[in-house]
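Everything below belongs to query-v5.txt, which stores compact mmCIF, C-alpha atoms.
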# COMPACT_ATOMS: atom_id res chain seq x y z
CA MET A 1 0.00 0.00 0.00
CA LYS A 2 2.83 2.37 0.95
CA LYS A 3 4.54 1.61 -2.35
CA VAL A 4 1.37 2.46 -4.28
CA ILE A 5 0.95 5.77 -2.41
CA SER A 6 4.62 6.64 -3.02
CA ILE A 7 4.29 5.92 -6.76
CA ILE A 8 1.11 8.04 -6.97
CA LEU A 9 2.79 10.91 -5.11
CA ILE A 10 5.85 10.80 -7.38
CA ALA A 11 3.61 10.68 -10.45
CA VAL A 12 1.54 13.67 -9.23
CA LEU A 13 4.72 15.61 -8.46
CA PHE A 14 6.16 14.76 -11.88
CA ILE A 15 2.99 15.86 -13.72
CA ALA A 16 2.78 19.06 -11.65
CA CYS A 17 6.42 19.91 -12.44
CA LYS A 18 5.88 19.17 -16.11
CA LYS A 19 2.79 21.40 -16.21
CA GLU A 20 4.65 24.15 -14.38
CA SER A 21 7.57 24.05 -16.82
CA LYS A 22 5.09 23.93 -19.74
CA LYS A 23 3.35 27.02 -18.31
CA ALA A 24 6.70 28.73 -18.00
CA ASP A 25 7.58 27.72 -21.58
CA ASP A 26 4.22 29.02 -22.83
CA MET A 27 4.67 32.31 -21.00
CA GLU A 28 8.17 32.62 -22.41
CA LYS A 29 6.84 31.94 -25.91
CA GLN A 30 3.99 34.45 -25.46
CA THR A 31 6.42 37.10 -24.25
CA GLU A 32 8.65 36.32 -27.19
CA ILE A 33 5.71 36.67 -29.60
CA ALA A 34 4.54 39.84 -27.87
CA ILE A 35 8.00 41.33 -28.30
CA GLU A 36 8.51 40.12 -31.84
CA THR A 37 5.13 40.86 -33.39
CA PRO A 38 4.97 44.53 -34.36
CA PHE A 39 1.78 46.46 -33.73
CA LEU A 40 0.50 48.53 -36.66
CA ALA A 41 -1.90 51.40 -35.99
CA MET A 42 -4.79 51.37 -38.46
CA ALA A 43 -3.96 54.87 -39.65
CA GLU A 44 -0.50 53.74 -40.75
CA PHE A 45 -1.40 50.26 -41.98
CA ASP A 46 -1.42 51.10 -45.69
CA THR A 47 1.86 52.97 -45.54
CA LYS A 48 3.77 50.58 -43.25
CA ALA A 49 2.37 47.16 -44.21
CA GLY A 50 4.77 47.01 -47.17
CA ASP A 51 7.65 46.58 -44.72
CA TYR A 52 6.05 43.45 -43.26
CA VAL A 53 4.92 41.44 -46.31
CA ASN A 54 4.68 37.74 -45.34
CA LYS A 55 5.40 38.65 -41.71
CA GLU A 56 3.15 38.69 -38.66
CA VAL A 57 1.74 41.95 -37.35
CA LYS A 58 -0.94 42.91 -34.84
CA ILE A 59 -3.76 45.39 -35.36
CA GLN A 60 -6.58 46.57 -33.12
CA GLY A 61 -10.03 47.57 -34.31
CA ILE A 62 -13.75 46.85 -34.42
CA VAL A 63 -15.13 44.05 -36.59
CA ASP A 64 -17.41 45.91 -39.00
CA HIS A 65 -18.41 42.94 -41.10
CA VAL A 66 -18.12 39.15 -41.30
CA CYS A 67 -18.56 37.93 -44.89
CA LYS A 68 -22.02 36.37 -45.06
CA HIS A 69 -21.10 34.17 -48.02
CA SER A 70 -17.95 32.43 -46.87
CA GLY A 71 -17.73 33.54 -43.23
CA LYS A 72 -13.97 33.57 -43.78
CA LYS A 73 -13.43 37.28 -44.35
CA LEU A 74 -13.50 40.15 -41.89
CA LEU A 75 -13.37 43.90 -42.20
CA VAL A 76 -11.67 45.43 -39.17
CA VAL A 77 -12.14 49.18 -38.79
CA THR A 78 -11.37 52.22 -36.68
CA ASP A 79 -11.98 55.92 -37.23
CA ASP A 80 -8.61 56.02 -38.98
CA GLY A 81 -8.79 53.17 -41.46
CA SER A 82 -9.77 49.62 -42.27
CA VAL A 83 -8.08 46.29 -42.97
CA HIS A 84 -9.43 43.24 -44.79
CA ILE A 85 -8.75 39.87 -43.17
CA THR A 86 -8.94 36.47 -44.82
CA SER A 87 -8.96 33.16 -43.00
CA ASP A 88 -9.00 29.43 -43.66
CA THR A 89 -11.63 28.92 -40.98
CA ARG A 90 -15.04 30.53 -40.47
CA PHE A 91 -15.65 33.39 -38.09
CA GLU A 92 -18.67 33.56 -35.82
CA ASP A 93 -21.27 36.17 -36.87
CA SER A 94 -21.34 37.33 -33.26
CA LEU A 95 -17.87 38.81 -33.76
CA THR A 96 -19.48 41.75 -35.60
CA GLY A 97 -19.16 44.91 -33.51
CA SER A 98 -16.50 43.46 -31.20
CA GLU A 99 -13.20 45.19 -30.61
CA ILE A 100 -10.34 42.79 -31.21
CA VAL A 101 -6.57 42.61 -31.29
CA LEU A 102 -5.80 40.50 -34.32
CA THR A 103 -2.56 38.84 -35.34
CA GLY A 104 -2.14 38.18 -39.03
CA ILE A 105 0.37 37.78 -41.84
CA VAL A 106 0.63 40.72 -44.23
CA LEU A 107 -0.39 39.85 -47.80
CA GLU A 108 0.28 42.07 -50.77
CA GLU A 109 -1.89 42.19 -53.87
CA ARG A 110 -0.37 44.07 -56.79
CA ILE A 111 -2.66 45.96 -59.13
CA ASP A 112 -1.01 46.59 -62.47
CA GLU A 113 -2.16 47.09 -66.06
CA ALA A 114 -2.67 43.34 -66.57
CA TYR A 115 -4.87 43.29 -63.44
CA CYS A 116 -6.88 46.25 -64.76
CA LEU A 117 -7.35 44.59 -68.16
CA LYS A 118 -8.57 41.40 -66.47
CA MET A 119 -10.98 43.43 -64.33
CA GLU A 120 -12.21 45.22 -67.44
CA GLU A 121 -12.74 41.95 -69.27
CA ASP A 122 -14.64 40.42 -66.32
CA ASN A 123 -16.74 43.56 -65.96
CA ILE A 124 -17.79 43.50 -69.62
CA LYS A 125 -18.46 39.77 -69.50
CA SER A 126 -20.62 39.87 -66.37
CA HIS A 127 -22.56 42.88 -67.70
CA SER A 128 -23.19 41.27 -71.09
CA GLU A 129 -24.41 38.11 -69.33
CA GLY A 130 -26.82 40.20 -67.27
CA ALA A 131 -25.05 39.44 -63.99
CA SER A 132 -24.49 43.13 -63.22
CA SER A 133 -26.67 46.22 -63.68
CA GLN A 134 -25.71 49.28 -65.74
CA GLU A 135 -24.99 51.12 -62.48
CA GLN A 136 -22.69 48.36 -61.20
CA PHE A 137 -20.98 48.20 -64.59
CA GLU A 138 -20.31 51.95 -64.62
CA LYS A 139 -19.15 51.91 -60.99
CA LYS A 140 -16.60 49.19 -61.69
CA LYS A 141 -15.45 50.97 -64.85
CA LYS A 142 -14.86 54.12 -62.81
CA HIS A 143 -13.02 52.10 -60.18
CA ILE A 144 -10.64 50.62 -62.78
CA GLN A 145 -10.00 54.11 -64.15
CA GLN A 146 -9.19 55.30 -60.62
CA TYR A 147 -6.51 52.60 -60.38
CA ARG A 148 -5.01 53.74 -63.69
CA ASP A 149 -5.12 57.40 -62.68
CA GLN A 150 -3.45 56.62 -59.36
CA MET A 151 -0.66 54.64 -61.04
CA LYS A 152 -0.10 57.55 -63.42
CA GLU A 153 -0.19 60.08 -60.62
CA GLU A 154 2.31 58.14 -58.51
CA ASN A 155 4.36 57.31 -61.59
CA LYS A 156 4.30 53.59 -60.73
CA ASP A 157 3.68 50.37 -62.69
CA TYR A 158 1.57 48.92 -59.92
CA LEU A 159 -0.38 49.70 -56.76
CA SER A 160 -0.20 47.58 -53.64
CA ASN A 161 -3.24 46.49 -51.67
CA TYR A 162 -2.43 45.03 -48.28
CA SER A 163 -4.54 42.64 -46.25
CA LEU A 164 -3.95 40.14 -43.45
CA GLN A 165 -4.07 36.37 -43.40
CA TYR A 166 -5.68 35.54 -40.06
CA VAL A 167 -3.57 33.87 -37.37
CA SER A 168 -5.38 34.58 -34.09
CA HIS A 169 -7.36 37.19 -32.21
CA ILE A 170 -8.43 38.21 -28.74
CA GLU A 171 -11.45 40.31 -27.86
CA VAL A 172 -10.88 43.46 -25.83
CA GLU A 173 -13.42 45.32 -23.72
CA MET B 1 -27.08 -12.24 -56.06
CA LYS B 2 -30.02 -12.94 -53.77
CA GLN B 3 -27.86 -12.23 -50.71
CA LEU B 4 -26.48 -9.06 -52.28
CA ARG B 5 -30.01 -7.82 -53.02
CA LYS B 6 -31.14 -8.67 -49.50
CA TRP B 7 -28.22 -6.82 -47.86
CA SER B 8 -28.53 -3.87 -50.19
CA ARG B 9 -32.15 -3.43 -49.10
CA ILE B 10 -31.32 -3.83 -45.41
CA LEU B 11 -28.44 -1.34 -45.50
CA HIS B 12 -30.30 1.15 -47.71
CA ARG B 13 -33.36 1.02 -45.45
CA ASP B 14 -31.75 1.06 -42.01
CA ILE B 15 -28.96 3.54 -42.68
CA GLY B 16 -31.55 5.61 -44.53
CA TYR B 17 -33.73 5.74 -41.41
CA PHE B 18 -30.72 6.66 -39.28
CA PHE B 19 -29.79 9.60 -41.49
CA ILE B 20 -33.29 11.03 -42.08
CA GLY B 21 -32.60 13.94 -39.69
CA THR B 22 -29.20 14.68 -41.24
CA THR B 23 -30.69 14.53 -44.75
CA ILE B 24 -33.22 17.18 -43.76
CA VAL B 25 -30.45 19.31 -42.20
CA TYR B 26 -28.37 19.26 -45.39
CA GLY B 27 -31.41 19.52 -47.70
CA LEU B 28 -32.78 22.63 -45.99
CA SER B 29 -29.41 24.33 -45.51
CA GLY B 30 -28.41 23.43 -49.07
CA ILE B 31 -31.41 25.32 -50.49
CA ALA B 32 -30.90 28.20 -48.04
CA LEU B 33 -27.21 28.63 -48.84
CA ASN B 34 -27.70 28.17 -52.61
CA HIS B 35 -29.71 31.39 -52.65
CA MET B 36 -27.37 33.46 -50.53
CA SER B 37 -27.28 36.25 -53.10
CA ASP B 38 -31.08 36.62 -52.84
CA TRP B 39 -31.46 36.58 -49.06
CA ASN B 40 -29.62 36.37 -45.77
CA PRO B 41 -30.09 32.68 -44.84
CA ASN B 42 -29.23 33.17 -41.16
CA TYR B 43 -30.96 36.42 -40.24
CA SER B 44 -34.07 38.33 -41.19
CA VAL B 45 -33.24 42.01 -41.57
CA LYS B 46 -35.59 44.82 -40.57
CA VAL B 47 -34.57 48.31 -41.65
CA THR B 48 -36.05 51.40 -40.01
CA HIS B 49 -35.37 55.05 -40.77
CA PHE B 50 -35.39 57.74 -38.08
CA THR B 51 -34.23 61.26 -37.37
CA THR B 52 -32.62 62.38 -34.14
CA SER B 53 -31.66 65.74 -32.66
CA ILE B 54 -29.05 64.17 -30.34
CA ASN B 55 -25.54 65.40 -30.98
CA LEU B 56 -23.50 62.43 -32.22
CA GLU B 57 -20.36 64.28 -33.19
CA LYS B 58 -17.04 63.14 -31.75
CA THR B 59 -17.12 64.87 -28.36
CA ALA B 60 -16.28 63.87 -24.79
CA SER B 61 -19.95 63.04 -24.14
CA ILE B 62 -20.42 60.87 -27.22
CA LYS B 63 -20.85 57.59 -25.29
CA ASN B 64 -23.60 59.12 -23.18
CA ASN B 65 -25.26 60.62 -26.27
CA ILE B 66 -25.22 57.24 -28.00
CA LEU B 67 -26.96 55.68 -24.98
CA LEU B 68 -29.60 58.45 -25.16
CA LEU B 69 -30.14 57.64 -28.83
CA LEU B 70 -30.47 53.95 -28.01
CA ASP B 71 -33.12 54.83 -25.41
CA GLU B 72 -35.08 56.31 -28.33
CA VAL B 73 -34.54 53.71 -31.04
CA ASP B 74 -33.55 50.51 -29.20
CA HIS B 75 -32.23 49.71 -25.69
CA ARG B 76 -29.11 51.20 -24.12
CA ASN B 77 -28.09 47.75 -22.82
CA ASN B 78 -27.63 46.60 -26.42
CA TYR B 79 -24.72 48.99 -27.05
CA LYS B 80 -21.53 47.25 -28.16
CA LYS B 81 -19.13 49.65 -29.94
CA HIS B 82 -19.10 52.59 -32.33
CA TYR B 83 -16.81 54.26 -34.84
CA TYR B 84 -16.82 56.97 -37.49
CA PRO B 85 -16.45 55.47 -41.00
CA ASN B 86 -16.11 59.03 -42.36
CA ALA B 87 -16.51 62.62 -41.20
CA ASP B 88 -20.30 62.62 -41.76
CA ASN B 89 -21.39 59.30 -40.26
CA ILE B 90 -21.25 57.31 -37.06
CA LYS B 91 -21.86 53.56 -36.98
CA ILE B 92 -23.10 52.03 -33.75
CA PHE B 93 -22.92 48.27 -33.25
CA LEU B 94 -25.54 46.54 -31.14
CA LYS B 95 -25.54 43.14 -29.50
CA GLY B 96 -26.82 40.36 -31.77
CA GLY B 97 -25.29 41.79 -34.95
CA SER B 98 -27.67 44.75 -35.44
CA SER B 99 -26.26 48.19 -36.24
CA ILE B 100 -27.24 51.83 -36.59
CA MET B 101 -25.78 54.38 -38.98
CA VAL B 102 -26.46 58.07 -38.36
CA ASN B 103 -25.49 61.14 -40.34
CA VAL B 104 -24.05 63.39 -37.63
CA ASN B 105 -24.78 66.54 -39.65
CA ASN B 106 -28.52 66.14 -40.22
CA GLY B 107 -29.44 63.41 -37.70
CA ASN B 108 -30.88 61.05 -40.34
CA GLY B 109 -30.35 57.47 -39.31
CA ILE B 110 -30.89 53.92 -40.50
CA ALA B 111 -31.19 51.04 -38.06
CA GLU B 112 -30.65 47.52 -39.33
CA TYR B 113 -32.07 44.98 -36.91
CA LEU B 114 -31.05 41.36 -37.38
CA LYS B 115 -33.11 38.48 -36.07
CA ARG B 116 -32.01 34.86 -36.29
CA ARG B 117 -34.16 32.79 -38.68
CA PRO B 118 -35.43 29.84 -36.65
CA VAL B 119 -34.49 26.39 -38.05
CA PHE B 120 -32.41 27.89 -40.90
CA TYR B 121 -29.85 29.42 -38.53
CA GLU B 122 -29.37 26.06 -36.82
CA VAL B 123 -29.19 23.91 -39.98
CA ASN B 124 -26.80 26.39 -41.63
CA PHE B 125 -24.63 26.28 -38.52
CA LEU B 126 -24.34 22.49 -38.88
CA HIS B 127 -23.78 22.73 -42.64
CA TYR B 128 -20.62 24.77 -41.99
CA ASN B 129 -18.97 22.03 -39.90
CA PRO B 130 -18.88 23.70 -36.49
CA ASN B 131 -16.35 21.26 -35.01
CA ARG B 132 -14.33 18.11 -35.53
CA ILE B 133 -16.97 15.70 -34.17
CA TRP B 134 -19.54 17.04 -36.65
CA THR B 135 -16.97 16.70 -39.44
CA TRP B 136 -16.67 13.00 -38.65
CA PHE B 137 -20.44 12.57 -38.45
CA SER B 138 -21.03 14.42 -41.72
CA ASP B 139 -18.25 12.38 -43.38
CA ALA B 140 -20.15 9.26 -42.31
CA PHE B 141 -23.31 10.77 -43.81
CA SER B 142 -21.50 11.52 -47.09
CA ALA B 143 -20.12 7.98 -47.19
CA SER B 144 -23.63 6.66 -46.61
CA LEU B 145 -24.87 8.65 -49.64
CA ILE B 146 -22.33 6.77 -51.76
CA LEU B 147 -23.52 3.54 -50.17
CA PHE B 148 -27.15 4.44 -51.03
CA ALA B 149 -26.11 4.97 -54.65
CA VAL B 150 -24.30 1.63 -54.82
CA THR B 151 -26.99 -0.37 -53.01
CA SER B 152 -29.70 1.11 -55.26
CA PHE B 153 -28.16 -0.84 -58.18
CA PHE B 154 -29.09 -4.14 -56.55
CA MET B 155 -32.28 -3.40 -54.62
CA VAL B 156 -34.84 -4.03 -57.34
CA LYS B 157 -34.67 -6.64 -60.08
CA GLY B 158 -36.40 -6.73 -63.45
CA LYS B 159 -37.63 -3.90 -65.65
CA LYS B 160 -37.90 -1.43 -62.74
CA GLY B 161 -34.33 -2.15 -61.70
CA ILE B 162 -30.97 -1.01 -62.96
CA ILE B 163 -31.31 -2.89 -66.27
CA GLY B 164 -34.64 -1.19 -66.96
CA ARG B 165 -36.24 2.07 -65.86
CA GLY B 166 -33.79 2.49 -62.99
CA GLY B 167 -30.92 2.40 -65.47
CA VAL B 168 -32.50 5.18 -67.59
CA TYR B 169 -32.90 7.40 -64.52
CA THR B 170 -29.33 6.65 -63.47
CA LEU B 171 -27.99 7.64 -66.87
CA LEU B 172 -30.03 10.87 -66.87
CA GLY B 173 -28.71 11.73 -63.42
CA ILE B 174 -25.15 11.28 -64.63
CA ILE B 175 -25.62 13.05 -67.99
CA ILE B 176 -27.09 16.26 -66.45
CA PRO B 177 -24.01 17.18 -64.37
CA ILE B 178 -21.74 16.22 -67.29
CA LEU B 179 -23.69 18.55 -69.62
CA PHE B 180 -23.33 21.35 -67.06
CA LEU B 181 -19.60 20.75 -66.92
CA ILE B 182 -19.32 20.82 -70.73
CA TYR B 183 -21.26 24.09 -70.98
CA PHE B 184 -20.04 26.00 -67.95
CA LEU B 185 -16.58 24.75 -67.01
As a first step, turn the structure in this file into structure tokens.
Amino acid sequence: MKKVISIILIAVLFIACKKESKKADDMEKQTEIAIETPFLAMAEFDTKAGDYVNKEVKIQGIVDHVCKHSGKKLLVVTDDGSVHITSDTRFEDSLTGSEIVLTGIVLEERIDEAYCLKMEEDNIKSHSEGASSQEQFEKKKKHIQQYRDQMKEENKDYLSNYSLQYVSHIEVE
Amino acid sequence: MKQLRKWSRILHRDIGYFFIGTTIVYGLSGIALNHMSDWNPNYSVKVTHFTTSINLEKTASIKNNILLLLDEVDHRNNYKKHYYPNADNIKIFLKGGSSIMVNVNNGNGIAEYLKRRPVFYEVNFLHYNPNRIWTWFSDAFSASLILFAVTSFFMVKGKKGIIGRGGVYTLLGIIIPILFLIYFL
């Protein structure tokens, strides 16, 4: 009986120590992540995201919208700007209106002349097939022209659109 | 062959009974989600227009002013968050996914109240694989659909079976998706 109690005690002690060291490891990792992951203010996201392409960053904002079709896209907003988030998993609808700190990987989408031509082609095709109204057609046409004007204005071959690939989030009060 | 027919019927019937509920879940949610561009399958949306004289500009008392507005158009306890999408408008988020947008210059506002659609909300939730256990269960359901297709070959003999009318239906059911692929892929 004594032997059994001793074995149980040793086992409990061993598990407790293991858990404690795991906790310590986790905390160390979290601290490491907290130190390493840069925080981008929404107002500076568009200008600074280019420095962090394919790297993790944190942002803080309110979830304005969860995509009703896929459930895998979010629009995070503040008074100063907005960021689109894409994810491999679905978000809960209840996240809408919550303030979150979100960690994600910066993605860059380049808009160049080839992109504009493709957009133009798709716009004409969907309008001719009756999938879009005259108003939607004109709106998209104007949008494409805006891209071209901006490229000309900035004397660039392409424009960069930045978004985040979702990694994790926590809700804040 | 007799044994095969017998077991095909038993499996088709008994597994079919077991998955009646799941079939209804996927049938209903399938229709609901197919028409996502025509309606919101999870929520019914009620839009109301209002005008307010409450000052909703970005001031130190904005939170209190928002609560006063909610006393008028909803309930103050439903307040969640707010932000200014542009200089003219404030967007207020309410619990349950509803939201209010107000023009801070003229006080014109639109409230969008969301209400969960009973039955559809629940079946759509399941359709989207909420967790790993449901993934396993729905995989079993999908496998059983294949089993139903295979067992249906052997269930009935004669001219109503696979070598007769059943065969014609089977061919039609295969040709239709192939035609769609030829035309639209």
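The gap separating CA of Lys160 (chain B) from CA of Ile176 (chain B) is 21.1 Å, in Å to one decimal.
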May I ask you to extract the residues of chain B within 12 Å of chain A, using all atoms listed in the file, and to give them as a PyMOL selection string? chain B and resi 32-43+58+78-101+114+116+121+124-125+127-131
Fewer than 6 positions away in the same chain doesn't count, so skip those; otherwise give me all residues within 7 Å of region 105-122 of chain A, counting all atoms listed in the file, as a ChimeraX atom specification. /A:49,52-57,144,157-166
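Counting from CA of Ile146 (chain B), the distance to CA of Gly21 (chain B) is 17.4 Å.
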Can you work out the spacing between CA of Val73 (chain B) and CA of Val119 (chain B) in Å, to one decimal?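 Straight-line distance from CA of Val73 (chain B) to CA of Val119 (chain B) works out to 28.2 Å.
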For each of A:Gly104, A:Gly130, A:Pro38, A:Gly50, take the minimum atom-to-atom distance to His84 (chain A), counting all atoms listed in the file, then give the residue where this is smallest.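 Closest candidate: A:Gly104.
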Kindly indicate which residue among B:His12, B:Arg76, B:Thr52, B:Glu122 lies nearest to Leu28 (chain B), using all atoms listed in the file for the distances. B:Glu122
